[in-house]
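Shown next: data-v4.cif, containing mmCIF, N, CA and C atoms and all ligand atoms.
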data_work
loop_
_atom_site.label_atom_id
_atom_site.label_comp_id
_atom_site.auth_asym_id
_atom_site.auth_seq_id
_atom_site.Cartn_x
_atom_site.Cartn_y
_atom_site.Cartn_z
N MET V 291 31.34 0.26 -26.02
CA MET V 291 32.68 0.48 -26.51
C MET V 291 33.45 1.27 -25.47
N ILE V 292 34.71 0.92 -25.27
CA ILE V 292 35.55 1.59 -24.28
C ILE V 292 35.78 3.04 -24.72
N PRO V 293 35.56 4.01 -23.83
CA PRO V 293 35.86 5.40 -24.22
C PRO V 293 37.35 5.57 -24.46
N CYS V 294 37.70 6.53 -25.30
CA CYS V 294 39.12 6.78 -25.58
C CYS V 294 39.57 7.98 -24.75
N ASP V 295 40.38 7.71 -23.72
CA ASP V 295 40.89 8.78 -22.85
C ASP V 295 42.34 8.46 -22.52
N GLU V 296 42.95 9.20 -21.59
CA GLU V 296 44.38 9.01 -21.34
C GLU V 296 44.70 7.62 -20.78
N THR V 297 43.74 7.01 -20.08
CA THR V 297 43.96 5.67 -19.52
C THR V 297 43.85 4.60 -20.61
N THR V 298 43.01 4.81 -21.59
CA THR V 298 42.73 3.78 -22.58
C THR V 298 43.41 4.02 -23.92
N LEU V 299 44.09 5.15 -24.07
CA LEU V 299 44.67 5.51 -25.37
C LEU V 299 45.62 4.43 -25.89
N GLY V 300 46.48 3.88 -25.04
CA GLY V 300 47.42 2.85 -25.48
C GLY V 300 46.70 1.59 -25.96
N TRP V 301 45.61 1.25 -25.29
CA TRP V 301 44.82 0.08 -25.69
C TRP V 301 44.26 0.30 -27.08
N TRP V 302 43.68 1.50 -27.30
CA TRP V 302 43.12 1.80 -28.62
C TRP V 302 44.22 1.86 -29.68
N ASP V 303 45.38 2.41 -29.35
CA ASP V 303 46.48 2.48 -30.33
C ASP V 303 46.89 1.07 -30.77
N ALA V 304 46.90 0.11 -29.84
CA ALA V 304 47.25 -1.27 -30.20
C ALA V 304 46.24 -1.85 -31.19
N THR V 305 44.99 -1.42 -31.09
CA THR V 305 43.98 -1.95 -32.03
C THR V 305 44.26 -1.48 -33.45
N ARG V 306 44.99 -0.37 -33.60
CA ARG V 306 45.34 0.08 -34.96
C ARG V 306 46.23 -0.95 -35.65
N GLU V 307 47.00 -1.72 -34.84
CA GLU V 307 47.85 -2.80 -35.36
C GLU V 307 47.19 -4.16 -35.17
N ARG V 308 45.93 -4.13 -34.84
CA ARG V 308 45.15 -5.36 -34.60
C ARG V 308 45.81 -6.24 -33.55
N ARG V 309 46.28 -5.58 -32.48
CA ARG V 309 46.82 -6.29 -31.32
C ARG V 309 45.85 -6.13 -30.17
N LEU V 310 45.43 -7.27 -29.58
CA LEU V 310 44.57 -7.23 -28.40
C LEU V 310 45.46 -7.22 -27.17
N THR V 311 45.24 -6.27 -26.28
CA THR V 311 46.08 -6.13 -25.10
C THR V 311 45.23 -6.10 -23.84
N VAL V 312 45.86 -6.43 -22.71
CA VAL V 312 45.27 -6.24 -21.39
C VAL V 312 46.34 -5.60 -20.51
N GLN V 313 45.91 -5.03 -19.40
CA GLN V 313 46.88 -4.44 -18.48
C GLN V 313 47.50 -5.51 -17.60
N ARG V 314 48.80 -5.34 -17.31
CA ARG V 314 49.50 -6.20 -16.36
C ARG V 314 50.12 -5.32 -15.29
N CYS V 315 49.91 -5.72 -14.03
CA CYS V 315 50.44 -4.97 -12.90
C CYS V 315 51.88 -5.41 -12.61
N ALA V 316 52.80 -4.46 -12.55
CA ALA V 316 54.21 -4.78 -12.28
C ALA V 316 54.41 -5.28 -10.85
N ALA V 317 53.56 -4.84 -9.92
CA ALA V 317 53.74 -5.21 -8.51
C ALA V 317 53.27 -6.64 -8.21
N CYS V 318 52.14 -7.04 -8.77
CA CYS V 318 51.57 -8.35 -8.38
C CYS V 318 51.32 -9.28 -9.56
N GLY V 319 51.48 -8.80 -10.80
CA GLY V 319 51.30 -9.67 -11.95
C GLY V 319 49.86 -9.85 -12.40
N HIS V 320 48.92 -9.21 -11.72
CA HIS V 320 47.50 -9.32 -12.08
C HIS V 320 47.27 -8.78 -13.49
N HIS V 321 46.42 -9.48 -14.26
CA HIS V 321 45.99 -9.00 -15.57
C HIS V 321 44.56 -8.49 -15.45
N GLN V 322 44.27 -7.37 -16.11
CA GLN V 322 42.90 -6.85 -16.05
C GLN V 322 42.52 -6.19 -17.36
N HIS V 323 41.23 -6.17 -17.61
CA HIS V 323 40.63 -5.46 -18.72
C HIS V 323 39.27 -4.98 -18.23
N TYR V 324 38.86 -3.79 -18.53
CA TYR V 324 39.38 -2.76 -19.40
C TYR V 324 40.48 -1.96 -18.68
N PRO V 325 41.22 -1.13 -19.41
CA PRO V 325 42.29 -0.36 -18.78
C PRO V 325 41.77 0.59 -17.70
N ARG V 326 42.47 0.58 -16.56
CA ARG V 326 42.10 1.43 -15.42
C ARG V 326 43.37 2.08 -14.88
N PRO V 327 43.22 3.15 -14.09
CA PRO V 327 44.40 3.82 -13.54
C PRO V 327 45.11 3.01 -12.45
N VAL V 328 44.41 2.07 -11.80
CA VAL V 328 45.00 1.30 -10.70
C VAL V 328 44.73 -0.19 -10.88
N CYS V 329 45.59 -1.00 -10.27
CA CYS V 329 45.40 -2.46 -10.27
C CYS V 329 44.24 -2.81 -9.35
N LEU V 330 43.32 -3.63 -9.85
CA LEU V 330 42.17 -4.03 -9.03
C LEU V 330 42.56 -5.02 -7.93
N ALA V 331 43.71 -5.69 -8.08
CA ALA V 331 44.12 -6.70 -7.10
C ALA V 331 44.89 -6.09 -5.94
N CYS V 332 45.78 -5.11 -6.23
CA CYS V 332 46.66 -4.63 -5.15
C CYS V 332 46.70 -3.10 -5.05
N GLY V 333 46.04 -2.41 -5.95
CA GLY V 333 46.07 -0.95 -5.90
C GLY V 333 47.32 -0.35 -6.52
N GLY V 334 48.16 -1.19 -7.11
CA GLY V 334 49.39 -0.70 -7.73
C GLY V 334 49.11 0.24 -8.89
N LEU V 335 50.09 1.12 -9.12
CA LEU V 335 49.93 2.13 -10.17
C LEU V 335 50.81 1.86 -11.38
N GLN V 336 51.70 0.85 -11.30
CA GLN V 336 52.61 0.54 -12.40
C GLN V 336 51.96 -0.51 -13.30
N LEU V 337 51.15 -0.03 -14.24
CA LEU V 337 50.43 -0.92 -15.14
C LEU V 337 50.95 -0.73 -16.55
N SER V 338 51.10 -1.83 -17.26
CA SER V 338 51.51 -1.75 -18.66
C SER V 338 50.59 -2.65 -19.48
N LEU V 339 50.59 -2.42 -20.78
CA LEU V 339 49.77 -3.23 -21.66
C LEU V 339 50.61 -4.37 -22.21
N VAL V 340 50.04 -5.57 -22.21
CA VAL V 340 50.71 -6.74 -22.78
C VAL V 340 49.77 -7.38 -23.79
N ASP V 341 50.36 -7.92 -24.86
CA ASP V 341 49.56 -8.60 -25.88
C ASP V 341 49.00 -9.90 -25.32
N VAL V 342 47.79 -10.25 -25.76
CA VAL V 342 47.20 -11.54 -25.44
C VAL V 342 46.88 -12.25 -26.75
N ALA V 343 46.60 -13.55 -26.65
CA ALA V 343 46.44 -14.37 -27.85
C ALA V 343 45.16 -14.05 -28.61
N GLY V 344 44.16 -13.54 -27.93
CA GLY V 344 42.88 -13.25 -28.59
C GLY V 344 41.98 -14.47 -28.68
N THR V 345 42.25 -15.45 -27.81
CA THR V 345 41.41 -16.64 -27.75
C THR V 345 40.79 -16.74 -26.37
N GLY V 346 39.62 -17.37 -26.33
CA GLY V 346 38.93 -17.51 -25.06
C GLY V 346 37.67 -18.34 -25.19
N VAL V 347 36.80 -18.18 -24.19
CA VAL V 347 35.58 -18.98 -24.08
C VAL V 347 34.42 -18.04 -23.77
N VAL V 348 33.26 -18.32 -24.37
CA VAL V 348 32.05 -17.57 -24.05
C VAL V 348 31.60 -17.97 -22.65
N GLU V 349 31.56 -17.00 -21.76
CA GLU V 349 31.14 -17.27 -20.39
C GLU V 349 29.63 -17.13 -20.25
N THR V 350 29.06 -16.12 -20.90
CA THR V 350 27.61 -15.95 -20.96
C THR V 350 27.31 -15.03 -22.14
N PHE V 351 26.08 -15.04 -22.59
CA PHE V 351 25.75 -14.20 -23.75
C PHE V 351 24.26 -13.93 -23.80
N THR V 352 23.89 -12.97 -24.63
CA THR V 352 22.49 -12.72 -24.96
C THR V 352 22.41 -12.42 -26.44
N VAL V 353 21.26 -12.66 -27.03
CA VAL V 353 21.03 -12.32 -28.43
C VAL V 353 20.13 -11.09 -28.47
N VAL V 354 20.64 -10.04 -29.09
CA VAL V 354 19.87 -8.80 -29.25
C VAL V 354 19.04 -8.93 -30.52
N ARG V 355 17.73 -8.79 -30.35
CA ARG V 355 16.83 -8.97 -31.50
C ARG V 355 16.14 -7.67 -31.91
N ARG V 356 16.41 -6.60 -31.18
CA ARG V 356 15.79 -5.32 -31.48
C ARG V 356 16.87 -4.25 -31.40
N ALA V 357 17.04 -3.46 -32.45
CA ALA V 357 18.12 -2.47 -32.51
C ALA V 357 17.96 -1.45 -31.39
N PRO V 358 19.01 -1.22 -30.60
CA PRO V 358 18.92 -0.22 -29.53
C PRO V 358 18.94 1.20 -30.08
N SER V 359 19.51 1.38 -31.28
CA SER V 359 19.55 2.68 -31.93
C SER V 359 19.91 2.45 -33.39
N PRO V 360 19.76 3.47 -34.24
CA PRO V 360 20.12 3.28 -35.65
C PRO V 360 21.59 2.88 -35.78
N GLY V 361 21.89 2.05 -36.78
CA GLY V 361 23.26 1.61 -37.01
C GLY V 361 23.51 0.20 -36.51
N PHE V 362 22.61 -0.33 -35.72
CA PHE V 362 22.74 -1.72 -35.26
C PHE V 362 21.85 -2.59 -36.13
N GLU V 363 22.35 -3.79 -36.44
CA GLU V 363 21.59 -4.69 -37.30
C GLU V 363 21.34 -6.02 -36.59
N PRO V 364 20.28 -6.10 -35.78
CA PRO V 364 19.97 -7.36 -35.11
C PRO V 364 19.48 -8.41 -36.11
N PRO V 365 19.51 -9.68 -35.74
CA PRO V 365 19.98 -10.17 -34.44
C PRO V 365 21.50 -10.27 -34.40
N TYR V 366 22.06 -10.11 -33.19
CA TYR V 366 23.49 -10.32 -32.96
C TYR V 366 23.69 -10.71 -31.51
N ALA V 367 24.82 -11.37 -31.25
CA ALA V 367 25.12 -11.86 -29.90
C ALA V 367 26.09 -10.91 -29.20
N VAL V 368 25.78 -10.59 -27.95
CA VAL V 368 26.68 -9.85 -27.07
C VAL V 368 27.09 -10.83 -25.97
N ALA V 369 28.38 -11.00 -25.79
CA ALA V 369 28.86 -12.04 -24.89
C ALA V 369 29.95 -11.53 -23.95
N VAL V 370 30.04 -12.17 -22.80
CA VAL V 370 31.20 -12.01 -21.94
C VAL V 370 32.17 -13.11 -22.35
N VAL V 371 33.33 -12.70 -22.88
CA VAL V 371 34.36 -13.64 -23.31
C VAL V 371 35.46 -13.66 -22.26
N ALA V 372 35.72 -14.83 -21.70
CA ALA V 372 36.83 -15.01 -20.76
C ALA V 372 38.06 -15.36 -21.59
N LEU V 373 39.01 -14.41 -21.65
CA LEU V 373 40.24 -14.66 -22.40
C LEU V 373 41.03 -15.77 -21.73
N ASP V 374 41.85 -16.47 -22.50
CA ASP V 374 42.67 -17.55 -21.95
C ASP V 374 43.63 -17.03 -20.87
N GLU V 375 43.97 -15.74 -20.95
CA GLU V 375 44.87 -15.14 -19.95
C GLU V 375 44.13 -14.70 -18.70
N GLY V 376 42.78 -14.79 -18.68
CA GLY V 376 42.03 -14.48 -17.48
C GLY V 376 41.02 -13.34 -17.58
N PRO V 377 41.44 -12.15 -18.07
CA PRO V 377 40.48 -11.05 -18.10
C PRO V 377 39.27 -11.35 -19.00
N ARG V 378 38.19 -10.65 -18.74
CA ARG V 378 36.96 -10.81 -19.51
C ARG V 378 36.69 -9.57 -20.33
N LEU V 379 36.11 -9.77 -21.52
CA LEU V 379 35.69 -8.67 -22.37
C LEU V 379 34.22 -8.84 -22.70
N LEU V 380 33.51 -7.72 -22.80
CA LEU V 380 32.16 -7.73 -23.34
C LEU V 380 32.29 -7.40 -24.82
N SER V 381 31.77 -8.27 -25.67
CA SER V 381 32.01 -8.10 -27.11
C SER V 381 30.91 -8.80 -27.90
N ASN V 382 30.93 -8.58 -29.19
CA ASN V 382 30.06 -9.32 -30.10
C ASN V 382 30.74 -10.64 -30.43
N VAL V 383 29.93 -11.69 -30.61
CA VAL V 383 30.43 -12.97 -31.08
C VAL V 383 29.59 -13.38 -32.29
N GLU V 384 30.27 -13.82 -33.33
CA GLU V 384 29.62 -14.18 -34.59
C GLU V 384 29.99 -15.62 -34.97
N PRO V 385 29.17 -16.29 -35.75
CA PRO V 385 27.80 -15.94 -36.08
C PRO V 385 26.88 -16.23 -34.89
N TRP V 386 25.90 -15.37 -34.69
CA TRP V 386 25.10 -15.45 -33.47
C TRP V 386 24.39 -16.79 -33.27
N PRO V 387 23.93 -17.48 -34.36
CA PRO V 387 23.24 -18.76 -34.07
C PRO V 387 24.17 -19.83 -33.49
N ASP V 388 25.48 -19.67 -33.68
CA ASP V 388 26.44 -20.69 -33.22
C ASP V 388 26.95 -20.43 -31.80
N VAL V 389 26.55 -19.31 -31.18
CA VAL V 389 27.09 -18.96 -29.88
C VAL V 389 26.43 -19.81 -28.80
N THR V 390 27.27 -20.43 -27.98
CA THR V 390 26.81 -21.20 -26.82
C THR V 390 27.74 -20.90 -25.66
N ILE V 391 27.26 -21.10 -24.45
CA ILE V 391 28.13 -20.95 -23.29
C ILE V 391 29.21 -22.04 -23.37
N GLY V 392 30.44 -21.64 -23.23
CA GLY V 392 31.56 -22.57 -23.32
C GLY V 392 32.18 -22.65 -24.70
N ALA V 393 31.59 -21.98 -25.70
CA ALA V 393 32.14 -22.02 -27.05
C ALA V 393 33.52 -21.37 -27.09
N ARG V 394 34.46 -22.01 -27.82
CA ARG V 394 35.79 -21.42 -28.04
C ARG V 394 35.66 -20.32 -29.08
N VAL V 395 36.32 -19.20 -28.83
CA VAL V 395 36.25 -18.07 -29.75
C VAL V 395 37.64 -17.51 -30.00
N GLN V 396 37.73 -16.78 -31.13
CA GLN V 396 38.98 -16.15 -31.56
C GLN V 396 38.66 -14.73 -31.98
N VAL V 397 39.55 -13.80 -31.64
CA VAL V 397 39.30 -12.40 -31.97
C VAL V 397 39.37 -12.18 -33.48
N ARG V 398 38.51 -11.27 -33.95
CA ARG V 398 38.56 -10.72 -35.29
C ARG V 398 38.44 -9.22 -35.11
N TRP V 399 38.75 -8.49 -36.17
CA TRP V 399 38.77 -7.03 -36.02
C TRP V 399 37.78 -6.37 -36.95
N ARG V 400 36.99 -5.45 -36.40
CA ARG V 400 36.04 -4.68 -37.18
C ARG V 400 36.60 -3.26 -37.32
N PRO V 401 36.95 -2.84 -38.55
CA PRO V 401 37.55 -1.52 -38.74
C PRO V 401 36.60 -0.39 -38.35
N LEU V 402 37.15 0.62 -37.71
CA LEU V 402 36.41 1.84 -37.40
C LEU V 402 36.88 2.93 -38.37
N ASP V 403 36.12 3.99 -38.48
CA ASP V 403 36.38 5.02 -39.49
C ASP V 403 37.72 5.74 -39.28
N ASP V 404 38.26 5.77 -38.06
CA ASP V 404 39.46 6.56 -37.77
C ASP V 404 40.74 5.74 -37.71
N GLY V 405 40.71 4.49 -38.19
CA GLY V 405 41.91 3.67 -38.20
C GLY V 405 42.03 2.72 -37.02
N ARG V 406 41.23 2.97 -35.96
CA ARG V 406 41.21 2.00 -34.88
C ARG V 406 40.41 0.79 -35.34
N ASN V 407 40.51 -0.31 -34.59
CA ASN V 407 39.75 -1.52 -34.88
C ASN V 407 39.06 -1.98 -33.61
N LEU V 408 37.85 -2.48 -33.78
CA LEU V 408 37.07 -2.96 -32.65
C LEU V 408 37.20 -4.48 -32.58
N PRO V 409 37.63 -5.02 -31.43
CA PRO V 409 37.71 -6.48 -31.33
C PRO V 409 36.32 -7.10 -31.22
N VAL V 410 36.06 -8.06 -32.08
CA VAL V 410 34.86 -8.88 -31.98
C VAL V 410 35.36 -10.33 -32.03
N PHE V 411 34.51 -11.26 -31.77
CA PHE V 411 34.95 -12.65 -31.71
C PHE V 411 34.12 -13.53 -32.64
N VAL V 412 34.75 -14.60 -33.10
CA VAL V 412 34.04 -15.59 -33.91
C VAL V 412 34.19 -16.95 -33.23
N VAL V 413 33.16 -17.76 -33.35
CA VAL V 413 33.20 -19.11 -32.83
C VAL V 413 34.14 -19.93 -33.71
N VAL V 414 35.04 -20.70 -33.06
CA VAL V 414 35.99 -21.53 -33.84
C VAL V 414 35.71 -23.01 -33.62
ZN ZN W 1 48.64 -5.40 -8.68
#
Could you show the structure in this file as structure tokens?
Amino acid sequence: MIPCDETTLGWWDATRERRLTVQRCAACGHHQHYPRPVCLACGGLQLSLVDVAGTGVVETFTVVRRAPSPGFEPPYAVAVVALDEGPRLLSNVEPWPDVTIGARVQVRWRPLDDGRNLPVFVVV
């Protein structure tokens, strides 16, 4: 899960409204995720958050069959999702038996205790 700090606060705030966002660089137009202080393409510092559709494709995945710590309920799929806008997210994809490389996915939101929401994906 992305830590909540001054660089990522706006991203987390958008999840309270169930909006998935990525950073866009004003200098070169590059989109990136997760939020960082600088543009990975040009080093620019003028980054803003823009909404994305929340759709993409499973680029790769693994099925976790053993809980890494209490609170996890295996089996579940952890996948790299390539958003249609380009950036990639590491996330859960459900239902795990249906996950395949190349599967189309759509974001869903898992509520957290403090009002934020965690983006997860479902196969469509
Ligand atoms: Zn840039």
Residues of chain V in helix (DSSP H, G or I), written as a PyMOL selection string: chain V and resi 299-306+386-388
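Using only N, CA and C atoms and all ligand atoms, we find that the residues with an atom at most 6 Å from any atom of ligand ZN 1 (chain W) are Cys315, Ala316, Ala317, Cys318, Gly319, His320, Cys329, Leu330, Ala331, Cys332, Gly333 and Gly334 of chain V.
For the residues V:Trp302, V:Phe351, V:Tyr324, V:Tyr366, ranking by smallest atom-to-atom distance to Thr390 of chain V using only N, CA and C atoms places V:Phe351 first.
Every protein, DNA or RNA residue with an atom at most 6.5 Å from Arg314 of chain V, where all atoms listed in the file count and chain neighbours fewer than 3 positions away do not, is listed here: Ala317, Gly319, His320, His321, Gln322, Gln336, Leu337, Ser338, Leu339 and Val340 of chain V.
For the set V:Val389, V:Ala304, V:Cys294, V:Leu373, the residue with the smallest atom-to-atom gap to Arg406 of chain V is V:Ala304, counting all atoms listed in the file.
Here the question is which of V:Thr311, V:Pro325, V:Val368, V:Asp374 gets nearest to Thr298 of chain V using only C-alpha atoms, and that residue is V:Pro325.
Summary of the local environment: counting only C-alpha atoms, residues at most 9 Å from Val354 of chain V, other than itself and those fewer than 3 positions away along its chain, are Ala357, Pro358, Pro364, Pro365, Tyr366, Ala367 and Val368 of chain V.
Residue nearest Arg309 of chain V within the list V:Phe411, V:Arg326, V:Val342, V:Arg378: V:Val342 [criterion: smallest interatomic distance, all atoms listed in the file].
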